[in-house]
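> Just so it is clear, I am handing over coords_16.csv, which has CSV, C-alpha atoms.
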```csv
chain,number,residue,atom,x,y,z
A,270,MET,CA,-25.8,8.6,-144.0
A,271,HIS,CA,-24.2,5.2,-144.7
A,272,GLU,CA,-20.6,6.4,-145.1
A,273,LEU,CA,-20.0,5.2,-141.5
A,274,GLY,CA,-20.9,1.7,-142.6
A,275,ILE,CA,-18.7,2.0,-145.7
A,276,ALA,CA,-15.8,3.2,-143.6
A,277,ASN,CA,-16.3,0.2,-141.3
A,278,SER,CA,-16.3,-2.2,-144.2
A,279,ILE,CA,-13.0,-0.6,-145.4
A,280,LEU,CA,-11.4,-1.1,-142.0
A,281,GLU,CA,-12.6,-4.7,-141.8
A,282,ALA,CA,-11.0,-5.3,-145.2
A,283,VAL,CA,-7.7,-3.8,-143.9
A,284,GLU,CA,-7.8,-6.0,-140.8
A,285,THR,CA,-8.4,-9.1,-143.0
A,286,GLU,CA,-5.5,-8.2,-145.3
A,287,MET,CA,-3.1,-7.5,-142.5
A,288,ARG,CA,-3.5,-11.1,-141.0
A,289,PRO,CA,-0.9,-12.6,-143.3
A,290,HIS,CA,1.6,-9.8,-142.4
A,291,PRO,CA,2.3,-10.1,-138.7
A,292,GLY,CA,4.3,-7.2,-137.3
A,293,ALA,CA,3.5,-5.0,-140.3
A,294,ARG,CA,1.8,-1.6,-140.1
A,295,PRO,CA,-0.8,-0.5,-142.6
A,296,VAL,CA,0.1,2.9,-144.0
A,297,LYS,CA,-2.4,3.7,-146.7
A,298,ILE,CA,-5.6,2.2,-148.1
A,299,GLY,CA,-6.8,3.2,-151.6
A,300,VAL,CA,-10.5,3.3,-152.5
A,301,THR,CA,-12.2,4.2,-155.7
A,302,VAL,CA,-15.5,6.1,-155.2
A,303,GLY,CA,-17.6,6.6,-158.3
A,304,ALA,CA,-19.7,9.7,-158.9
A,305,LEU,CA,-22.8,7.6,-159.0
A,306,SER,CA,-21.9,5.3,-156.1
A,307,GLY,CA,-24.1,7.2,-153.6
A,308,VAL,CA,-21.1,7.7,-151.4
A,309,ASP,CA,-19.9,11.2,-150.5
A,310,ARG,CA,-16.1,11.2,-150.4
A,311,ASP,CA,-15.8,14.1,-147.8
A,312,SER,CA,-18.3,12.4,-145.6
A,313,LEU,CA,-16.5,9.1,-146.0
A,314,ALA,CA,-13.1,10.7,-145.1
A,315,PHE,CA,-14.7,12.3,-142.0
A,316,CYS,CA,-16.2,9.0,-140.9
A,317,PHE,CA,-13.0,7.1,-141.6
A,318,GLN,CA,-11.0,9.5,-139.4
A,319,ALA,CA,-13.6,9.4,-136.7
A,320,ILE,CA,-13.4,5.6,-136.4
A,321,VAL,CA,-9.6,5.1,-136.6
A,322,LYS,CA,-8.9,7.9,-134.0
A,323,GLY,CA,-7.4,6.5,-130.8
A,324,THR,CA,-7.0,3.0,-132.4
A,325,PRO,CA,-3.8,1.3,-133.6
A,326,LEU,CA,-4.9,2.3,-137.1
A,327,GLU,CA,-5.0,6.0,-136.4
A,328,ALA,CA,-2.1,6.7,-138.8
A,329,LEU,CA,-3.7,4.8,-141.6
A,330,ALA,CA,-4.4,7.2,-144.5
A,331,LEU,CA,-7.4,6.9,-146.8
A,332,GLU,CA,-6.7,7.7,-150.4
A,333,VAL,CA,-9.8,8.3,-152.4
A,334,HIS,CA,-9.8,8.0,-156.2
A,335,ASP,CA,-12.5,9.5,-158.4
A,336,ALA,CA,-14.4,7.4,-161.0
A,337,PRO,CA,-17.2,8.1,-163.4
A,338,ALA,CA,-19.9,5.5,-162.5
A,339,ASP,CA,-21.0,3.5,-159.5
A,340,GLU,CA,-17.6,2.1,-158.5
A,341,LEU,CA,-16.9,1.5,-154.8
A,342,GLU,CA,-13.8,-0.5,-154.8
A,343,LEU,CA,-10.7,-1.2,-152.7
A,344,THR,CA,-7.6,-0.6,-154.9
A,345,CYS,CA,-4.4,-1.1,-152.9
A,346,LEU,CA,-3.2,-1.5,-149.3
A,347,GLU,CA,0.2,-0.1,-148.6
A,348,LEU,CA,2.0,-1.5,-145.5
A,349,GLU,CA,5.4,-1.2,-143.8
A,350,GLU,CA,7.0,-4.5,-142.8
A,351,PRO,CA,10.0,-4.8,-140.5
A,352,GLU,CA,13.2,-5.9,-142.3
A,353,PRO,CA,13.5,-9.7,-142.2
B,251,MET,CA,11.2,-1.1,-142.8
B,252,THR,CA,10.1,-2.1,-146.3
B,253,THR,CA,7.0,-0.9,-147.9
B,254,THR,CA,4.7,-3.4,-149.5
B,255,LYS,CA,1.8,-2.8,-151.8
B,256,VAL,CA,-1.0,-5.3,-151.7
B,257,PRO,CA,-3.3,-5.0,-154.7
B,258,LEU,CA,-6.9,-5.6,-153.6
B,259,GLU,CA,-9.2,-4.7,-156.6
B,260,ARG,CA,-12.4,-5.8,-155.0
B,261,LYS,CA,-15.6,-4.1,-154.0
B,262,VAL,CA,-15.7,-2.4,-150.6
B,263,LEU,CA,-19.1,-4.1,-150.0
B,264,SER,CA,-17.8,-7.5,-151.2
B,265,GLU,CA,-19.2,-9.2,-148.1
B,266,ASN,CA,-22.7,-7.8,-148.8
B,267,ASP,CA,-22.3,-8.7,-152.5
B,268,ARG,CA,-21.4,-12.3,-151.6
B,269,LEU,CA,-24.5,-12.6,-149.5
B,270,ALA,CA,-26.6,-10.9,-152.2
B,271,ALA,CA,-25.3,-13.4,-154.8
B,272,ALA,CA,-26.3,-16.3,-152.6
B,273,LEU,CA,-29.8,-14.8,-152.3
B,274,ARG,CA,-30.0,-14.3,-156.0
B,275,GLU,CA,-29.0,-17.9,-156.6
B,276,GLU,CA,-31.7,-19.1,-154.1
B,277,PHE,CA,-34.3,-16.9,-155.7
B,278,ALA,CA,-33.4,-18.3,-159.1
B,279,ARG,CA,-33.5,-21.9,-157.8
B,280,HIS,CA,-37.1,-21.3,-156.6
B,281,GLY,CA,-38.1,-19.3,-159.6
B,282,ILE,CA,-38.7,-16.2,-157.4
B,283,HIS,CA,-38.8,-12.8,-159.1
B,284,CYS,CA,-37.6,-10.2,-156.6
B,285,LEU,CA,-38.1,-6.5,-156.9
B,286,ASN,CA,-36.4,-3.9,-154.6
B,287,LEU,CA,-38.5,-0.8,-154.3
B,288,ILE,CA,-36.6,2.4,-153.4
B,289,SER,CA,-37.8,6.0,-153.0
B,290,SER,CA,-37.7,9.0,-150.7
B,291,PRO,CA,-39.9,8.7,-147.6
B,292,GLY,CA,-43.6,9.3,-148.6
B,293,SER,CA,-43.4,8.7,-152.3
B,294,GLY,CA,-45.9,5.9,-152.1
B,295,LYS,CA,-44.0,2.6,-151.9
B,296,THR,CA,-46.4,1.2,-149.3
B,297,ALA,CA,-49.5,2.6,-151.1
B,298,LEU,CA,-48.3,1.1,-154.4
B,299,LEU,CA,-47.8,-2.3,-152.7
B,300,GLU,CA,-51.3,-2.1,-151.1
B,301,ARG,CA,-52.8,-1.5,-154.5
B,302,THR,CA,-50.7,-4.3,-156.0
B,303,LEU,CA,-51.6,-6.9,-153.4
B,304,ALA,CA,-55.3,-5.9,-153.6
B,305,ALA,CA,-55.2,-6.6,-157.3
B,306,PHE,CA,-53.7,-10.0,-157.1
B,307,ASP,CA,-55.6,-13.3,-157.1
B,308,PRO,CA,-55.6,-14.6,-153.5
B,309,ALA,CA,-53.8,-17.7,-154.9
B,310,ARG,CA,-50.9,-15.6,-156.2
B,311,ARG,CA,-47.6,-16.8,-154.6
B,312,VAL,CA,-46.4,-13.4,-153.5
B,313,ALA,CA,-44.7,-12.1,-150.3
B,314,VAL,CA,-43.4,-8.7,-149.1
B,315,LEU,CA,-40.5,-7.7,-146.9
B,316,THR,CA,-40.8,-4.1,-145.8
B,317,GLY,CA,-38.0,-2.1,-144.2
B,318,ASP,CA,-38.3,0.8,-141.9
B,319,ILE,CA,-36.0,2.4,-139.2
B,320,GLN,CA,-38.8,1.9,-136.6
B,321,THR,CA,-42.3,0.5,-136.3
B,322,ASP,CA,-44.2,-2.3,-138.0
B,323,ALA,CA,-46.8,0.1,-139.3
B,324,ASP,CA,-46.2,-0.8,-142.9
B,325,ALA,CA,-46.2,-4.5,-142.3
B,326,ARG,CA,-49.6,-4.1,-140.6
B,327,ARG,CA,-50.9,-2.1,-143.5
B,328,LEU,CA,-49.7,-4.7,-146.0
B,329,ALA,CA,-50.8,-7.8,-144.0
B,330,ARG,CA,-54.4,-7.0,-144.5
B,331,TYR,CA,-54.3,-8.4,-148.0
B,332,GLY,CA,-53.7,-12.0,-146.8
B,333,PHE,CA,-50.2,-12.5,-148.3
B,334,PRO,CA,-47.1,-13.2,-146.2
B,335,VAL,CA,-45.5,-9.9,-145.0
B,336,ARG,CA,-42.6,-9.3,-142.7
B,337,GLN,CA,-41.3,-6.1,-141.3
B,338,ILE,CA,-37.5,-5.5,-141.1
B,339,THR,CA,-36.8,-2.7,-138.5
B,340,THR,CA,-33.3,-1.5,-139.0
B,341,ALA,CA,-33.1,0.4,-135.7
B,342,GLY,CA,-31.3,3.4,-137.2
B,343,ALA,CA,-29.7,2.0,-140.4
B,344,CYS,CA,-30.8,4.0,-143.4
B,345,HIS,CA,-31.0,1.1,-145.8
B,346,LEU,CA,-31.5,-2.7,-146.0
B,347,ASP,CA,-28.6,-5.0,-146.6
B,348,ALA,CA,-28.4,-8.6,-147.9
B,349,ARG,CA,-27.8,-9.9,-144.4
B,350,MET,CA,-31.1,-8.4,-143.1
B,351,VAL,CA,-33.0,-9.8,-146.1
B,352,ALA,CA,-31.5,-13.3,-145.6
B,353,LYS,CA,-32.4,-13.2,-141.9
B,354,ALA,CA,-36.0,-12.0,-142.6
B,355,LEU,CA,-36.5,-14.8,-145.1
B,356,GLU,CA,-35.7,-17.5,-142.4
B,357,GLY,CA,-38.6,-19.8,-141.8
B,358,TRP,CA,-40.4,-19.0,-145.1
B,359,ASP,CA,-40.7,-21.9,-147.5
B,360,LEU,CA,-39.3,-20.2,-150.7
B,361,ALA,CA,-40.7,-23.0,-152.8
B,362,GLN,CA,-44.1,-21.6,-152.1
B,363,LEU,CA,-43.3,-18.2,-153.6
B,364,ASP,CA,-42.7,-16.8,-157.1
B,365,LEU,CA,-42.8,-13.1,-156.5
B,366,LEU,CA,-41.1,-11.2,-153.7
B,367,PHE,CA,-41.3,-7.4,-153.1
B,368,ILE,CA,-38.7,-5.7,-150.9
B,369,GLU,CA,-39.8,-2.3,-149.8
B,370,ASN,CA,-36.5,-0.5,-148.8
B,371,VAL,CA,-36.1,2.1,-146.2
B,372,GLY,CA,-37.3,5.5,-147.5
B,373,ASN,CA,-34.1,7.0,-148.8
B,374,LEU,CA,-32.8,7.8,-152.2
B,375,VAL,CA,-29.1,7.5,-151.4
B,376,CYS,CA,-28.0,4.7,-149.1
B,377,PRO,CA,-30.1,1.8,-150.5
B,378,THR,CA,-28.4,2.4,-153.8
B,379,SER,CA,-25.1,0.8,-152.7
B,380,TYR,CA,-26.6,-2.5,-151.2
B,381,ASP,CA,-27.4,-5.3,-153.5
B,382,LEU,CA,-30.2,-7.4,-152.0
B,383,GLY,CA,-30.2,-10.2,-154.6
B,384,GLU,CA,-33.1,-8.6,-156.5
B,385,ALA,CA,-33.8,-9.0,-160.2
B,386,ALA,CA,-34.4,-5.3,-160.5
B,387,LYS,CA,-34.4,-2.1,-158.5
B,388,VAL,CA,-37.6,0.0,-159.0
B,389,VAL,CA,-37.3,3.7,-158.1
B,390,LEU,CA,-40.5,5.7,-157.2
B,391,LEU,CA,-40.7,9.5,-157.7
B,392,SER,CA,-43.8,11.3,-156.7
B,393,VAL,CA,-45.0,14.4,-158.5
B,394,ALA,CA,-45.2,16.1,-155.1
B,395,GLU,CA,-41.3,16.1,-155.2
B,396,GLY,CA,-39.1,17.9,-157.7
B,397,GLU,CA,-38.5,16.9,-161.3
B,398,GLU,CA,-34.8,17.5,-160.8
B,399,LYS,CA,-34.4,14.6,-158.4
B,400,PRO,CA,-32.9,12.2,-160.9
B,401,LEU,CA,-30.1,14.7,-161.4
B,402,LYS,CA,-29.7,15.3,-157.7
B,403,TYR,CA,-29.7,11.6,-156.7
B,404,PRO,CA,-28.3,10.1,-159.9
B,405,GLY,CA,-27.1,6.8,-158.3
B,406,ILE,CA,-30.5,5.2,-157.8
B,407,PHE,CA,-31.8,6.3,-161.2
B,408,PHE,CA,-28.6,4.9,-162.8
B,409,LYS,CA,-29.2,1.5,-161.2
B,410,SER,CA,-33.0,1.2,-161.5
B,411,LYS,CA,-34.7,-0.7,-164.3
B,412,LEU,CA,-37.9,1.1,-163.8
B,413,MET,CA,-39.0,4.6,-162.6
B,414,VAL,CA,-42.6,4.8,-161.4
B,415,LEU,CA,-43.9,8.4,-161.3
B,416,THR,CA,-46.5,8.3,-158.5
B,417,LYS,CA,-49.3,10.6,-157.2
B,418,THR,CA,-50.1,11.6,-160.8
B,419,ASP,CA,-53.6,12.6,-159.7
B,420,LEU,CA,-51.9,15.6,-158.1
B,421,LEU,CA,-50.4,16.9,-161.4
B,422,PRO,CA,-53.1,19.6,-161.8
B,423,TYR,CA,-52.2,21.1,-158.4
B,424,VAL,CA,-48.4,21.0,-158.3
B,425,PRO,CA,-45.8,22.7,-160.4
B,426,PHE,CA,-44.2,19.4,-161.4
B,427,ARG,CA,-43.0,19.2,-165.0
B,428,LEU,CA,-43.5,15.6,-166.1
B,429,GLU,CA,-41.6,15.9,-169.3
B,430,ASP,CA,-38.6,17.4,-167.4
B,431,ALA,CA,-38.6,14.6,-164.9
B,432,ILE,CA,-38.6,12.0,-167.7
B,433,ALA,CA,-35.9,13.8,-169.6
B,434,ASN,CA,-33.8,14.0,-166.4
B,435,ALA,CA,-34.1,10.3,-165.6
B,436,ARG,CA,-33.1,9.5,-169.2
B,437,THR,CA,-30.1,11.8,-169.0
B,438,ILE,CA,-28.9,9.6,-166.1
B,439,GLN,CA,-30.0,6.3,-167.7
B,440,PRO,CA,-31.2,6.3,-171.3
B,441,ASP,CA,-32.7,2.8,-171.0
B,442,ILE,CA,-34.8,3.3,-167.8
B,443,GLU,CA,-38.4,2.3,-168.2
B,444,ILE,CA,-41.0,4.7,-167.0
B,445,LEU,CA,-44.6,4.3,-165.7
B,446,GLN,CA,-47.0,6.8,-164.3
B,447,VAL,CA,-49.3,5.7,-161.5
B,448,SER,CA,-51.8,7.2,-159.1
B,449,ASN,CA,-52.4,5.0,-156.1
B,450,THR,CA,-55.4,7.2,-155.3
B,451,THR,CA,-57.4,6.9,-158.6
B,452,GLY,CA,-55.8,3.6,-159.8
B,453,GLU,CA,-54.7,5.2,-163.1
B,454,GLY,CA,-51.6,3.4,-164.5
B,455,LEU,CA,-51.9,0.4,-162.2
B,456,ASP,CA,-52.7,-1.9,-165.1
B,457,GLN,CA,-49.4,-1.0,-166.8
B,458,TRP,CA,-47.5,-1.6,-163.5
B,459,MET,CA,-49.2,-5.0,-163.0
B,460,GLU,CA,-48.3,-5.9,-166.6
B,461,TRP,CA,-44.7,-4.8,-166.0
B,462,ILE,CA,-44.5,-7.1,-162.9
B,463,GLU,CA,-45.9,-10.1,-164.8
B,464,ARG,CA,-43.7,-9.5,-167.8
B,465,ARG,CA,-40.6,-9.7,-165.6
B,466,SER,CA,-41.7,-12.7,-163.5
```
Would you give me this structure, written as structure tokens?

Amino acid sequence: MHELGIANSILEAVETEMRPHPGARPVKIGVTVGALSGVDRDSLAFCFQAIVKGTPLEALALEVHDAPADELELTCLELEEPEP
Amino acid sequence: MTTTKVPLERKVLSENDRLAAALREEFARHGIHCLNLISSPGSGKTALLERTLAAFDPARRVAVLTGDIQTDADARRLARYGFPVRQITTAGACHLDARMVAKALEGWDLAQLDLLFIENVGNLVCPTSYDLGEAAKVVLLSVAEGEEKPLKYPGIFFKSKLMVLTKTDLLPYVPFRLEDAIANARTIQPDIEILQVSNTTGEGLDQWMEWIERRS
């Protein structure tokens, strides 16, 4: 269904957030997926893996948090930066 | 290497939401009441809109955007009533998003409208996530489907202001339990308004027309 589009939107957000951190590597992106959001978390995880595979973001982990209502939110991006 | 955590706390679809908010502002500026109709394929969205357009005074300032994966069949059906109609073909996408709506509105003088129907792609899941700038989502459920659908697809029943039970003329012939369907919808969303309509006999259409006018 539309989980592929949602996965794409998440990756776009990661790319935007990485711009102020040149040389850094994104490690983990957190997303809250509500039970009434219309998004299936397994399907989202599958689509996410499919689109990062073979790209520089292949090692980026998707961390999905449960929520009760229609939440579909980015929570936190974890990245590794080289020592200054 | 040092690990940094960047708090984001924004919606995944924030870009769509931004565009939808701009549409909502534009609709408000022109006094346009916009309704987003969502249902499974074949629940009677187009038939309800045909009945609705047929009942309007020809001077009514109403327009329709209708979404489908392929074909302009619905736009051709709806154009017969003399009001502006545009088809959005999504070429595979299972829902409309705010960008598609904004693009489809290009060239229309919004100052000439005060009511806009958006007929979403037939799908009870994906359209739920995409705000189109509408004043309200309206979910249709036909009695030829199952009364447990509000429980199976809670998202859209949670977000809709109104549920229209359609094809009520079929009630004598199908095992659909109306009371259960209503109870299931109210389990998901206690405040949801509910109407019963037959596009075939016209029963319940008056209440639907009143509901539209009350909101616009």
> Mind listing as number ranges by chain which residues of chain A are within 12 Å of chain B, counting only C-alpha atoms?
A: 270-283, 285-287, 289-290, 292-309, 337-353
> Hey, can you check how far atom CA of B:Glu384 sits from atom CA of B:Leu299?
16.4 Å
> Set the distance at 10 Å and use all atoms listed in the file: which residues neighbour B:Leu455 once local chain neighbours fewer than 5 positions away are removed? I'd like the list as a ChimeraX atom specification.
/B:298,301-302,305,445-449,460-461
> Calculate how many Å separate atom CA of B:Leu269 from atom CA of B:Arg349, rounding to one decimal.
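Distance reported for this atom pair: 6.6 Å.
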> For B:Gly332, which residue out of B:Ala313, B:Ala348, B:Ala435, B:Leu355 is the nearest one, using only C-alpha atoms?
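Nearest to B:Gly332: B:Ala313.
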> Counting all atoms listed in the file, which residue out of B:Asn434, B:Ala394, B:Leu366, B:Leu273 sits closest to B:Pro422?
B:Ala394
> Between B:Ser410, B:Gln337, B:Gln320, B:Thr296, single out the one closest to B:Asp441, counting only C-alpha atoms.
B:Ser410
> Could you work out how far atom CA of B:Gly342 lies from atom CA of B:Glu356, giving the answer in Å with one decimal?
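Atom CA of B:Gly342 lies 22.0 Å from atom CA of B:Glu356.
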> List as a ChimeraX atom specification the protein and nucleic acid residues near B:Val393, meaning an atom at most 9 Å away when only C-alpha atoms are counted, but skip any in the same chain fewer than 2 places from it.
/B:293,391,395-397,415-421,424-428
> Got a sec: who's within 9 Å of B:Leu412, counting only C-alpha atoms, leaving out chain neighbours fewer than 4 positions off, as a list in words?
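My list of contacting residues is Ala386, Lys387, Val388, Val389, Leu390, Phe407, Ile442, Glu443, Ile444 and Leu445 of chain B.
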> Could you list as a PyMOL selection string every residue that has an atom within 9 Å of (-37.8, 4.8, -146.5), using the file's coordinates and counting only C-alpha atoms?
chain B and resi 288-293+295+317-319+344-345+369-374
